[in-house]
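This report refers to the structure that appears directly beneath it.
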Amino acid sequence: MVAYLIRRLLATIGLLFVVSVITFSIFFLVPKWAGATPDSMATRYVGRTATADVVHQTAVRLGFTDPFYVQYADWAKGLVAGRDFDMGTSIEHCPAPCLGYSFITAQPVLPDLLDRFTVTFSLAIGAAVIWVTAGISIGVLSALKRGSLVDRFSMVIALAGVSMPIFWTGLIALSFFSYRWGITAVGGAYTPFTQNPALWAWDLMLPWVTLALLFSAQYARLTRAGMLETMNEDYIRTARAKGLRERTVVTKHGLRGALTPLLTIFGLDFGLLIGGAVLTESAFGLNGLGKYAVDGIRANDLPKILGVTLFAALFVVIANLIVDLLYAVVDPRVRTK
Amino acid sequence: MTLTSEEQQPAPANGGGRFLDVRDLKVHFPTDDGLVKSVDGLSFHVERGRTLGIVGESGSGKSVTSLSVMGLHKRGAAKISGEILVDGQDVVASSDEEVRRMRGKRMAMIFQDPLSAMHPYYTVGDQIIEAYRIHNDVSKKKARTHAIEMLDRVGIPEPDRRVDAYPHQYSGGMRQRAMIAMALSCDPDLLIADEPTTALDVTVQAQILDLIRDLQREFNSAVIIITHDLGVVAELADDILVMYAGRSVEYGTAEQIFNEPEHPYTWGLLGSMPRFDRERSTRLLPIQGSPPSLINVPEGCPFHPRCRFEQNTRGLAKRERPELVDTGRGHFVACHMSQAQRQQIWRDEIKPKL
Ligand SMILES: Nc1ncnc2c1ncn2[C@@H]1O[C@H](COP(=O)(O)OP(=O)(O)O)[C@@H](O)[C@H]1O
Ligand code: SF4
Ligand SMILES: [Mg+2]
């Protein structure tokens, strides 16, 4: 078990290394091949009227004049050991894990990132509760009443749910619930959970439901397929032969078998989502990680982009690890191997 | 086939009432390829304390028959007619809820492959406890004690420890024992074992069969053993029903079937029985060809395309289906040959080669 965790940890570090190198390369090497010089890259981060001198100073300060690998090493050192930054007028120490300072605002990235993360996580967790509950119930119902009106109706809805883009459903939802009926706050409202849980939930309700719509549809289809398969298993026949009520057969024996594969998919989906729900956050004006990433990309703000990328990769890895560990809890056959 | 009157069935040796009485059972499945007549007019009965063996090649409708008795066919998928009287109550005519309440207590079943028949995510103990508590209003703790007793009873070593193991941690034979413990946990009046040893090694097979026999004596239940191998029921069954293409072709006591069989199909089954006292190569009577599709059962005698004695009936077997007729003393045979002819062939031609 310990050896296993160490192996996973090493793999995670390797992955984060690869991800950050790739991000770095895209940021530096691609412009370089296109003919950009350190100074020309630095012009993005100074005022329009800046002199060539100022531009050059900025290029030096941001490290653009160093070779590629030195820049990467500096950044990586900050992550592991912390690092000092020349802010022009003063030297700032950025303790490990240091993700650097924004090229634009000169603010440290990590505190911002953590702040944004709570928003994205709030969005993801609420939506997940809704889509898991709704998706699985609809899926089970459809499987049991296979071919019935309920089944066909919910599968059509599911298909529609999967195919409708979130920014579209999001805008539709906003236009009705917020603008027309005034039930929920107009986009961008967010109350931290620690401040007022009820308001937190209320403000997020619309984004939750919108995001959940997309996933519920997918989960309903997966649950239905899984249930149709497990309900044909021999052990279901055994459960019936014992004289169990059909309800128990379905929920205790059938669903249990059908849900295990869903766990993997859920882990992946959730991990991806907490790395930034770009479209939903944009549609509802939520200041989450996804929006942070988009802003970073728009402004060519490398430390931000690197920070979000690393975060997102880390979440996917962690979610996968949790799923793998949970698998052993859920499936005893995995446990004893 | 109209096998519903009393005198057309073997008289139970002990003269007692019939615990299970199946009358003219038909189970048909409408499918895209056509109507599958899996069981087509089958009648038999079992008394408490007795064992019936149902024997036939794979695909002859044995499992479909047993699932019908348990009321486990989906109402929509299977068209079922006839009567299945379990202690007087007709499973075919009863509601789903009534049949459910009979399961486990009135009739219980063990399946061919215990690995797939047990839930992989629950411990063996939990699965037995669950079965016990359906019909017994006791605490989990009491039920657990009972589960350990049952595991002990079916010969699982260290039952108080193994009760918490998962099915995949048991060996094949142990799993089948656990399955039996689960099926017997509510002390059912009728136990159906569908190919209980087919998935097991030969040595384990014998142990499981011994166990079933011992338990039957102890619990005095009615038992049906379903198998494709006559050898399995040789020492176990009191009565034997030989099934072919969803019908009964020969039905009688075990002595009658083994000592004076009269149907060519039964001869074939006897000929393909694995025997330990002789070399394989000297087995002379394997059945030619393969069982018919139950969508297109041959006209006349369903066995005629494979029967070596078909010409003895001067074409009758191709046109007319032989009825299942009592040859006396409760021995039923469905064959156009005269009884004298059948007995002669058995005596002179078949028996010496077995
Ligand atoms: N649910 C079903 N739908 C259609 N055909 C079925 C169904 N169940 C069994 N059958 C068919 O009935 C026939 C008898 O099957 P079965 O009773 O399992 O034979 P066996 O004697 O080997 O146990 C087979 O041809 C099988 O394909
Ligand atoms: S009726 Fe004819 S074909 Fe059928 S079993 Fe008897 S001898 Fe063979
Ligand atoms: Mg079978």
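Note on naming: chains are A, B, ... as they come in the structure tokens, residues start from 1 per chain, ligands start from 1 in the order shown.
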Chain A contacts to chain B at 6 Å (only C-alpha atoms) as a PyMOL selection string
chain A and resi 234-235+238+241-243+331
Could you please extract the residues within 7 Å of ligand 3, counting only C-alpha atoms and all ligand atoms, and hand them back as JSON, numbers by chain?
{"B": [58, 59, 62, 63, 194, 195]}
Tell me, as a ChimeraX atom specification, which residues lie within 7 Å of region 19-36 of chain A, counting only C-alpha atoms; anything in the same chain fewer than 3 positions away does not count.
/A:15-16,40-41,306,310
Output N, CA, C and O atoms of each residue in that selection to a file, as a short mmCIF file (atom, residue, chain, number, x, y, z; two decimals), in the first residue's frame.
```
data_model
loop_
_atom_site.label_atom_id
_atom_site.label_comp_id
_atom_site.auth_asym_id
_atom_site.auth_seq_id
_atom_site.Cartn_x
_atom_site.Cartn_y
_atom_site.Cartn_z
N LEU A 15 4.25 13.81 -13.97
CA LEU A 15 3.20 14.38 -14.81
C LEU A 15 3.19 15.91 -14.72
O LEU A 15 3.13 16.62 -15.73
N LEU A 16 3.29 16.41 -13.48
CA LEU A 16 3.28 17.86 -13.30
C LEU A 16 4.49 18.49 -13.99
O LEU A 16 4.38 19.56 -14.59
N SER A 40 10.70 42.21 -27.50
CA SER A 40 9.38 42.32 -28.16
C SER A 40 8.32 41.62 -27.33
O SER A 40 7.16 42.00 -27.31
N MET A 41 8.73 40.55 -26.61
CA MET A 41 7.76 39.88 -25.74
C MET A 41 7.42 40.76 -24.54
O MET A 41 6.29 40.77 -24.06
N LEU A 306 0.32 29.02 -16.02
CA LEU A 306 1.04 27.88 -15.44
C LEU A 306 0.36 27.40 -14.15
O LEU A 306 0.18 26.20 -13.92
N LEU A 310 -1.26 23.73 -13.74
CA LEU A 310 -0.73 22.82 -12.74
C LEU A 310 -1.84 22.35 -11.78
O LEU A 310 -1.95 21.17 -11.47
#
```
Non-local contacts of Ala128 (chain A) (12 Å; only C-alpha atoms; under 6 positions in same chain excluded) as a compact mmCIF listing (two decimals) with C-alpha atoms, in the first residue's frame:
```txt
# COMPACT_ATOMS: atom_id res chain seq x y z
CA THR A 120 -15.08 26.60 -8.80
CA PHE A 121 -15.23 23.93 -6.13
CA SER A 122 -18.53 25.32 -4.84
CA ALA A 134 -30.87 13.03 -10.85
CA GLY A 135 -28.83 11.08 -13.38
CA ILE A 136 -28.83 7.85 -11.42
CA PRO A 207 -25.26 27.54 -12.39
CA TRP A 208 -25.60 24.25 -10.51
CA VAL A 209 -28.73 23.24 -12.28
CA THR A 210 -27.44 24.34 -15.66
CA LEU A 211 -24.19 22.46 -15.26
CA ALA A 212 -25.97 19.44 -13.76
CA LEU A 213 -28.31 19.29 -16.73
CA LEU A 214 -25.42 18.47 -18.99
CA PHE A 215 -23.97 15.80 -16.73
CA SER A 216 -27.27 14.29 -15.51
CA TYR A 219 -25.10 9.86 -16.19
CA PHE A 266 -17.34 10.52 -11.95
CA GLY A 267 -13.79 10.87 -10.67
CA ASP A 269 -15.47 14.45 -14.59
CA PHE A 270 -15.20 15.95 -11.15
CA GLY A 271 -11.42 16.26 -11.34
CA LEU A 273 -14.42 20.29 -13.45
CA ILE A 274 -12.68 21.60 -10.34
```
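For ligand 2, the protein and nucleic acid residues at most 8 Å away, judged by only C-alpha atoms and all ligand atoms, amount to His263, Pro264, Tyr265, Gly300, Cys301, Pro302, Phe303, His304, Pro305, Arg306, Cys307, Arg308, Phe309, Glu310, Gln311, Asn312, Thr313, Leu316, Ala317, Lys318, Arg321, Pro322, Ala334, Cys335, His336 and Met337 of chain B.
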Requested write-out: N, CA, C and O atoms of the selected residues, as a tab-separated table (two decimals), in the first residue's frame:
```
chain	number	residue	atom	x	y	z
B	263	HIS	N	-36.46	-46.12	-24.20
B	263	HIS	CA	-36.42	-45.12	-25.26
B	263	HIS	C	-35.02	-45.03	-25.87
B	263	HIS	O	-34.03	-44.97	-25.13
B	264	PRO	N	-34.93	-45.00	-27.20
B	264	PRO	CA	-33.62	-44.92	-27.85
B	264	PRO	C	-32.77	-43.74	-27.37
B	264	PRO	O	-31.55	-43.85	-27.29
B	265	TYR	N	-33.42	-42.62	-27.01
B	265	TYR	CA	-32.66	-41.46	-26.53
B	265	TYR	C	-32.02	-41.76	-25.17
B	265	TYR	O	-30.88	-41.43	-24.91
B	300	GLY	N	-43.46	-35.16	-36.23
B	300	GLY	CA	-43.49	-36.55	-35.77
B	300	GLY	C	-42.71	-36.71	-34.49
B	300	GLY	O	-42.78	-35.87	-33.60
B	301	CYS	N	-41.94	-37.79	-34.42
B	301	CYS	CA	-41.12	-37.99	-33.23
B	301	CYS	C	-39.96	-37.02	-33.29
B	301	CYS	O	-39.17	-37.06	-34.22
B	302	PRO	N	-39.83	-36.12	-32.31
B	302	PRO	CA	-38.78	-35.09	-32.40
B	302	PRO	C	-37.38	-35.69	-32.45
B	302	PRO	O	-36.45	-35.03	-32.90
B	303	PHE	N	-37.23	-36.94	-32.04
B	303	PHE	CA	-35.90	-37.56	-32.00
B	303	PHE	C	-35.57	-38.27	-33.32
B	303	PHE	O	-34.43	-38.71	-33.51
B	304	HIS	N	-36.53	-38.36	-34.26
B	304	HIS	CA	-36.33	-39.27	-35.39
B	304	HIS	C	-35.12	-38.96	-36.27
B	304	HIS	O	-34.48	-39.88	-36.77
B	305	PRO	N	-34.71	-37.67	-36.46
B	305	PRO	CA	-33.55	-37.45	-37.32
B	305	PRO	C	-32.26	-38.05	-36.74
B	305	PRO	O	-31.30	-38.25	-37.47
B	306	ARG	N	-32.26	-38.33	-35.45
B	306	ARG	CA	-31.03	-38.83	-34.83
B	306	ARG	C	-31.18	-40.28	-34.39
B	306	ARG	O	-30.26	-40.85	-33.82
B	307	CYS	N	-32.36	-40.85	-34.61
B	307	CYS	CA	-32.64	-42.16	-34.01
B	307	CYS	C	-32.15	-43.29	-34.91
B	307	CYS	O	-32.44	-43.31	-36.11
B	308	ARG	N	-31.44	-44.24	-34.33
B	308	ARG	CA	-30.93	-45.37	-35.11
B	308	ARG	C	-32.03	-46.39	-35.41
B	308	ARG	O	-31.85	-47.30	-36.21
B	309	PHE	N	-33.15	-46.27	-34.75
B	309	PHE	CA	-34.21	-47.28	-34.91
B	309	PHE	C	-35.43	-46.71	-35.61
B	309	PHE	O	-36.49	-47.31	-35.57
B	310	GLU	N	-35.24	-45.56	-36.23
B	310	GLU	CA	-36.36	-44.86	-36.85
B	310	GLU	C	-37.05	-45.74	-37.89
B	310	GLU	O	-38.28	-45.78	-37.97
B	311	GLN	N	-36.25	-46.52	-38.68
B	311	GLN	CA	-36.85	-47.35	-39.74
B	311	GLN	C	-37.72	-48.45	-39.16
B	311	GLN	O	-38.58	-49.00	-39.84
B	312	ASN	N	-37.55	-48.79	-37.88
B	312	ASN	CA	-38.38	-49.82	-37.24
B	312	ASN	C	-39.85	-49.41	-37.17
B	312	ASN	O	-40.71	-50.23	-36.91
B	313	THR	N	-40.12	-48.09	-37.34
B	313	THR	CA	-41.50	-47.64	-37.18
B	313	THR	C	-42.17	-47.39	-38.53
B	313	THR	O	-43.24	-46.78	-38.58
B	316	LEU	N	-43.68	-43.98	-39.56
B	316	LEU	CA	-44.63	-43.38	-38.62
B	316	LEU	C	-43.97	-42.25	-37.82
B	316	LEU	O	-44.59	-41.20	-37.59
B	317	ALA	N	-42.70	-42.45	-37.46
B	317	ALA	CA	-42.01	-41.47	-36.63
B	317	ALA	C	-41.85	-40.13	-37.32
B	317	ALA	O	-41.71	-39.10	-36.68
B	318	LYS	N	-41.89	-40.14	-38.68
B	318	LYS	CA	-41.75	-38.88	-39.41
B	318	LYS	C	-43.06	-38.11	-39.44
B	318	LYS	O	-43.06	-36.90	-39.69
B	321	ARG	N	-46.39	-37.80	-33.81
B	321	ARG	CA	-45.63	-37.75	-32.58
B	321	ARG	C	-46.08	-38.87	-31.64
B	321	ARG	O	-47.29	-39.01	-31.40
B	322	PRO	N	-45.15	-39.68	-31.14
B	322	PRO	CA	-45.55	-40.74	-30.20
B	322	PRO	C	-45.98	-40.14	-28.87
B	322	PRO	O	-45.32	-39.24	-28.35
B	334	ALA	N	-42.23	-42.53	-24.74
B	334	ALA	CA	-42.82	-41.95	-25.95
B	334	ALA	C	-42.06	-42.46	-27.17
B	334	ALA	O	-41.10	-41.83	-27.61
B	335	CYS	N	-42.48	-43.61	-27.69
B	335	CYS	CA	-41.82	-44.18	-28.85
B	335	CYS	C	-42.81	-45.07	-29.59
B	335	CYS	O	-43.63	-45.75	-28.97
B	336	HIS	N	-42.73	-45.03	-30.94
B	336	HIS	CA	-43.68	-45.80	-31.73
B	336	HIS	C	-43.40	-47.29	-31.74
B	336	HIS	O	-44.26	-48.08	-32.09
B	337	MET	N	-42.19	-47.68	-31.42
B	337	MET	CA	-41.90	-49.11	-31.42
B	337	MET	C	-42.75	-49.79	-30.35
B	337	MET	O	-43.07	-49.19	-29.33
```
Got a sec to check which residues lie within 9 Å of ligand 1, using only C-alpha atoms and all ligand atoms, and send them as a PyMOL selection string?
chain B and resi 27-31+35-39+55-67+73-74+77-78+194-195+226-228+243-246+292-295
Using N, CA and C atoms, can you write the selected residues to a file as a short mmCIF file (atom, residue, chain, number, x, y, z; two decimals), in the first residue's frame?
```cif
data_model
loop_
_atom_site.label_atom_id
_atom_site.label_comp_id
_atom_site.auth_asym_id
_atom_site.auth_seq_id
_atom_site.Cartn_x
_atom_site.Cartn_y
_atom_site.Cartn_z
N VAL B 27 -43.88 -23.59 -21.84
CA VAL B 27 -43.22 -22.29 -21.74
C VAL B 27 -42.70 -21.93 -23.12
N HIS B 28 -43.30 -20.93 -23.71
CA HIS B 28 -42.92 -20.51 -25.07
C HIS B 28 -42.39 -19.07 -25.02
N PHE B 29 -41.32 -18.83 -25.78
CA PHE B 29 -40.77 -17.48 -25.87
C PHE B 29 -40.97 -16.93 -27.27
N PRO B 30 -41.78 -15.91 -27.41
CA PRO B 30 -41.87 -15.27 -28.74
C PRO B 30 -40.59 -14.46 -28.97
N THR B 31 -39.86 -14.78 -30.03
CA THR B 31 -38.64 -14.02 -30.34
C THR B 31 -38.72 -13.55 -31.79
N LEU B 35 -41.22 -18.54 -32.58
CA LEU B 35 -41.65 -18.95 -31.25
C LEU B 35 -40.75 -20.08 -30.75
N VAL B 36 -40.06 -19.84 -29.64
CA VAL B 36 -39.20 -20.88 -29.06
C VAL B 36 -40.03 -21.69 -28.09
N LYS B 37 -40.27 -22.96 -28.45
CA LYS B 37 -41.07 -23.81 -27.56
C LYS B 37 -40.13 -24.55 -26.62
N SER B 38 -39.67 -23.85 -25.60
CA SER B 38 -38.63 -24.40 -24.72
C SER B 38 -39.16 -25.56 -23.89
N VAL B 39 -40.39 -25.44 -23.42
CA VAL B 39 -41.05 -26.54 -22.72
C VAL B 39 -42.42 -26.68 -23.35
N VAL B 55 -33.13 -35.21 -16.76
CA VAL B 55 -31.92 -35.42 -17.54
C VAL B 55 -32.19 -35.13 -19.01
N GLY B 56 -31.23 -34.51 -19.65
CA GLY B 56 -31.35 -34.26 -21.09
C GLY B 56 -30.15 -33.46 -21.54
N GLU B 57 -29.91 -33.49 -22.85
CA GLU B 57 -28.79 -32.71 -23.37
C GLU B 57 -29.04 -31.23 -23.13
N SER B 58 -27.97 -30.47 -23.28
CA SER B 58 -28.08 -29.03 -23.15
C SER B 58 -29.05 -28.49 -24.21
N GLY B 59 -29.91 -27.59 -23.80
CA GLY B 59 -30.87 -27.01 -24.74
C GLY B 59 -32.19 -27.76 -24.81
N SER B 60 -32.40 -28.72 -23.88
CA SER B 60 -33.65 -29.47 -23.95
C SER B 60 -34.76 -28.84 -23.11
N GLY B 61 -34.46 -27.74 -22.42
CA GLY B 61 -35.51 -27.03 -21.69
C GLY B 61 -35.50 -27.28 -20.19
N LYS B 62 -34.42 -27.83 -19.68
CA LYS B 62 -34.37 -28.16 -18.24
C LYS B 62 -34.35 -26.90 -17.38
N SER B 63 -33.48 -25.96 -17.74
CA SER B 63 -33.40 -24.75 -16.92
C SER B 63 -34.68 -23.94 -17.01
N VAL B 64 -35.25 -23.89 -18.20
CA VAL B 64 -36.50 -23.15 -18.37
C VAL B 64 -37.57 -23.76 -17.47
N THR B 65 -37.59 -25.09 -17.38
CA THR B 65 -38.54 -25.77 -16.51
C THR B 65 -38.34 -25.36 -15.05
N SER B 66 -37.07 -25.39 -14.61
CA SER B 66 -36.82 -25.10 -13.20
C SER B 66 -37.14 -23.64 -12.87
N LEU B 67 -36.82 -22.74 -13.80
CA LEU B 67 -37.14 -21.33 -13.54
C LEU B 67 -38.65 -21.11 -13.50
N HIS B 73 -39.57 -16.54 -14.56
CA HIS B 73 -39.61 -16.01 -15.93
C HIS B 73 -40.29 -14.65 -15.92
N LYS B 74 -39.81 -13.76 -16.79
CA LYS B 74 -40.46 -12.46 -16.90
C LYS B 74 -41.83 -12.64 -17.53
N ALA B 77 -41.89 -11.79 -21.29
CA ALA B 77 -41.05 -12.53 -22.23
C ALA B 77 -41.53 -13.95 -22.47
N ALA B 78 -42.08 -14.59 -21.44
CA ALA B 78 -42.45 -16.00 -21.57
C ALA B 78 -43.96 -16.18 -21.54
N ASP B 194 -29.97 -26.95 -10.30
CA ASP B 194 -29.81 -26.96 -11.76
C ASP B 194 -28.34 -27.14 -12.11
N GLU B 195 -27.97 -28.32 -12.56
CA GLU B 195 -26.58 -28.64 -12.89
C GLU B 195 -25.64 -28.22 -11.75
N ILE B 226 -31.19 -31.39 -11.72
CA ILE B 226 -31.20 -31.25 -13.16
C ILE B 226 -29.79 -31.47 -13.67
N THR B 227 -29.64 -32.27 -14.70
CA THR B 227 -28.29 -32.55 -15.20
C THR B 227 -28.34 -33.04 -16.65
N HIS B 228 -27.22 -32.90 -17.34
CA HIS B 228 -27.14 -33.49 -18.68
C HIS B 228 -26.46 -34.85 -18.60
N MET B 243 -35.67 -35.75 -20.70
CA MET B 243 -36.26 -34.66 -21.49
C MET B 243 -35.59 -34.56 -22.84
N TYR B 244 -36.40 -34.34 -23.86
CA TYR B 244 -35.84 -34.10 -25.18
C TYR B 244 -36.69 -33.05 -25.89
N ALA B 245 -36.06 -32.00 -26.36
CA ALA B 245 -36.75 -30.93 -27.09
C ALA B 245 -37.99 -30.42 -26.36
N GLY B 246 -37.84 -30.15 -25.07
CA GLY B 246 -38.92 -29.54 -24.32
C GLY B 246 -40.01 -30.51 -23.89
N PRO B 292 -32.31 -30.56 -31.66
CA PRO B 292 -32.97 -29.67 -32.63
C PRO B 292 -33.16 -28.27 -32.07
N SER B 293 -33.33 -27.33 -32.97
CA SER B 293 -33.71 -25.98 -32.57
C SER B 293 -35.13 -26.04 -32.02
N LEU B 294 -35.37 -25.34 -30.93
CA LEU B 294 -36.71 -25.40 -30.35
C LEU B 294 -37.68 -24.46 -31.06
N ILE B 295 -37.19 -23.80 -32.11
CA ILE B 295 -38.11 -23.03 -32.96
C ILE B 295 -38.70 -23.94 -34.02
#
```
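Excluding Phe177 (chain A) and any residue on its chain fewer than 3 positions from it, the residues at most 12 Å away by only C-alpha atoms are Thr169, Gly170, Leu171, Ile172, Ala173, Leu174, Arg180, Trp181, Gly182, Ile183, Thr184, Ala185, Val186, Gly187, Asp203, Met205, Leu206, Pro207, Val209 and Thr210 of chain A.
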May I have all residues of region 96-286 of chain A that DSSP, computed from the backbone, assigns to helix (DSSP H, G or I), given as number ranges by chain?
A: 109-144, 149-163, 166-180, 197-230, 234-242, 246-274, 278-284
Which of region 183-318 of chain B DSSP labels strand (DSSP E or B), written as a PDB file with C-alpha atoms, in the first residue's frame:
```
ATOM      1  CA  LEU B 190     -38.519 -28.131  -2.353  1.00  0.00           C
ATOM      2  CA  LEU B 191     -34.941 -27.743  -3.500  1.00  0.00           C
ATOM      3  CA  ILE B 192     -34.105 -27.434  -7.181  1.00  0.00           C
ATOM      4  CA  ALA B 193     -30.470 -27.938  -8.152  1.00  0.00           C
ATOM      5  CA  ASP B 194     -29.808 -26.963 -11.756  1.00  0.00           C
ATOM      6  CA  ALA B 222     -38.419 -32.715  -2.113  1.00  0.00           C
ATOM      7  CA  VAL B 223     -35.432 -32.398  -4.421  1.00  0.00           C
ATOM      8  CA  ILE B 224     -35.075 -31.950  -8.166  1.00  0.00           C
ATOM      9  CA  ILE B 225     -31.639 -32.489  -9.640  1.00  0.00           C
ATOM     10  CA  ILE B 226     -31.202 -31.252 -13.160  1.00  0.00           C
ATOM     11  CA  THR B 227     -28.292 -32.553 -15.202  1.00  0.00           C
ATOM     12  CA  ASP B 239     -37.349 -41.022 -10.162  1.00  0.00           C
ATOM     13  CA  ILE B 240     -35.955 -39.862 -13.473  1.00  0.00           C
ATOM     14  CA  LEU B 241     -37.475 -37.768 -16.223  1.00  0.00           C
ATOM     15  CA  VAL B 242     -35.669 -37.855 -19.556  1.00  0.00           C
ATOM     16  CA  MET B 243     -36.259 -34.662 -21.492  1.00  0.00           C
ATOM     17  CA  TYR B 244     -35.840 -34.103 -25.183  1.00  0.00           C
ATOM     18  CA  ARG B 247     -40.815 -32.794 -23.757  1.00  0.00           C
ATOM     19  CA  SER B 248     -40.622 -35.889 -21.669  1.00  0.00           C
ATOM     20  CA  VAL B 249     -39.572 -38.968 -23.672  1.00  0.00           C
ATOM     21  CA  GLU B 250     -39.179 -41.384 -20.779  1.00  0.00           C
ATOM     22  CA  TYR B 251     -40.225 -41.126 -17.172  1.00  0.00           C
ATOM     23  CA  GLY B 252     -40.006 -43.710 -14.432  1.00  0.00           C
ATOM     24  CA  THR B 253     -38.215 -44.829 -11.337  1.00  0.00           C
TER      25      THR B 253
END
```
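With only C-alpha atoms as the basis for measurement, B:Asp90 is the residue among B:Glu349, B:Asp210, B:Asp160, B:Asp90 that approaches Asp21 (chain B) most closely.
With only C-alpha atoms as the atoms that count, the minimum distance from Ala283 (chain A) to the choices A:Val156, A:Leu10, A:Leu141, A:Ile166 is reached by A:Ile166.
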Neighbours of Leu113 (chain A) within 10 Å (only C-alpha atoms; same-chain residues fewer than 4 positions away dropped), as a PyMOL selection string?
chain A and resi 99+108-109+117-118+288-289+292-293+304+307-308+311
Keeping all heavy atoms for every residue in the selection just given, could you write it to a file as a short mmCIF file (atom, residue, chain, number, x, y, z; two decimals), in the first residue's frame?
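Writing the result to out_37.cif gives the following:
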```cif
data_model
loop_
_atom_site.label_atom_id
_atom_site.label_comp_id
_atom_site.auth_asym_id
_atom_site.auth_seq_id
_atom_site.Cartn_x
_atom_site.Cartn_y
_atom_site.Cartn_z
N LEU A 99 4.16 30.20 -7.03
CA LEU A 99 3.75 30.10 -8.43
C LEU A 99 4.08 31.39 -9.17
O LEU A 99 3.63 31.62 -10.29
CB LEU A 99 2.26 29.78 -8.53
CG LEU A 99 1.89 28.35 -8.14
CD1 LEU A 99 0.39 28.18 -8.07
CD2 LEU A 99 2.49 27.36 -9.12
N PRO A 108 0.91 38.09 -6.30
CA PRO A 108 1.27 36.66 -6.27
C PRO A 108 0.10 35.82 -6.78
O PRO A 108 -1.07 36.14 -6.53
CB PRO A 108 1.56 36.39 -4.80
CG PRO A 108 0.95 37.52 -4.06
CD PRO A 108 0.93 38.71 -4.98
N VAL A 109 0.43 34.75 -7.48
CA VAL A 109 -0.60 33.95 -8.16
C VAL A 109 -1.34 33.03 -7.19
O VAL A 109 -2.56 32.89 -7.26
CB VAL A 109 0.04 33.14 -9.30
CG1 VAL A 109 -0.93 32.10 -9.83
CG2 VAL A 109 0.48 34.08 -10.41
N PHE A 117 -10.35 28.97 -6.58
CA PHE A 117 -10.66 27.56 -6.45
C PHE A 117 -11.91 27.33 -5.62
O PHE A 117 -12.74 26.49 -5.94
CB PHE A 117 -9.47 26.81 -5.85
CG PHE A 117 -9.78 25.39 -5.51
CD1 PHE A 117 -10.06 24.47 -6.52
CD2 PHE A 117 -9.82 24.95 -4.19
CE1 PHE A 117 -10.36 23.16 -6.23
CE2 PHE A 117 -10.13 23.64 -3.89
CZ PHE A 117 -10.40 22.74 -4.91
N THR A 118 -12.08 28.09 -4.52
CA THR A 118 -13.27 27.89 -3.69
C THR A 118 -14.55 28.11 -4.50
O THR A 118 -15.54 27.42 -4.31
CB THR A 118 -13.28 28.82 -2.46
OG1 THR A 118 -13.17 30.16 -2.92
CG2 THR A 118 -12.15 28.51 -1.52
N GLY A 288 -14.19 32.00 -11.12
CA GLY A 288 -13.59 30.73 -10.74
C GLY A 288 -12.28 30.51 -11.49
O GLY A 288 -11.78 31.39 -12.18
N LEU A 289 -11.74 29.30 -11.34
CA LEU A 289 -10.46 28.98 -11.96
C LEU A 289 -10.52 29.06 -13.49
O LEU A 289 -9.59 29.50 -14.14
CB LEU A 289 -10.03 27.57 -11.57
CG LEU A 289 -9.40 27.41 -10.19
CD1 LEU A 289 -9.06 25.95 -9.96
CD2 LEU A 289 -8.15 28.26 -10.09
N TYR A 292 -10.29 32.50 -14.55
CA TYR A 292 -8.93 32.94 -14.27
C TYR A 292 -7.99 32.51 -15.40
O TYR A 292 -7.15 33.29 -15.86
CB TYR A 292 -8.49 32.31 -12.94
CG TYR A 292 -7.23 32.86 -12.33
CD1 TYR A 292 -7.22 34.11 -11.74
CD2 TYR A 292 -6.06 32.11 -12.32
CE1 TYR A 292 -6.06 34.61 -11.15
CE2 TYR A 292 -4.90 32.58 -11.73
CZ TYR A 292 -4.91 33.84 -11.15
OH TYR A 292 -3.77 34.33 -10.56
N ALA A 293 -8.17 31.27 -15.83
CA ALA A 293 -7.34 30.75 -16.92
C ALA A 293 -7.58 31.54 -18.20
O ALA A 293 -6.64 31.94 -18.90
CB ALA A 293 -7.64 29.27 -17.15
N LYS A 304 0.04 32.98 -14.30
CA LYS A 304 -1.36 32.58 -14.10
C LYS A 304 -1.67 31.29 -14.85
O LYS A 304 -2.24 30.35 -14.32
CB LYS A 304 -2.30 33.67 -14.61
CG LYS A 304 -2.52 34.82 -13.66
CD LYS A 304 -3.65 35.68 -14.19
CE LYS A 304 -3.90 36.91 -13.32
NZ LYS A 304 -5.00 37.72 -13.83
N GLY A 307 -0.02 28.36 -13.33
CA GLY A 307 -0.66 28.02 -12.06
C GLY A 307 -1.93 27.22 -12.27
O GLY A 307 -2.12 26.15 -11.67
N VAL A 308 -2.80 27.71 -13.14
CA VAL A 308 -4.07 27.02 -13.37
C VAL A 308 -3.82 25.65 -13.98
O VAL A 308 -4.44 24.65 -13.60
CB VAL A 308 -5.00 27.84 -14.28
CG1 VAL A 308 -6.31 27.12 -14.47
CG2 VAL A 308 -5.23 29.21 -13.71
N PHE A 311 -2.63 23.30 -11.35
CA PHE A 311 -3.76 22.99 -10.47
C PHE A 311 -4.67 21.96 -11.11
O PHE A 311 -5.01 20.96 -10.52
CB PHE A 311 -4.56 24.29 -10.22
CG PHE A 311 -4.47 24.78 -8.81
CD1 PHE A 311 -3.23 24.96 -8.21
CD2 PHE A 311 -5.61 25.07 -8.08
CE1 PHE A 311 -3.14 25.44 -6.92
CE2 PHE A 311 -5.53 25.53 -6.78
CZ PHE A 311 -4.30 25.72 -6.19
#
```
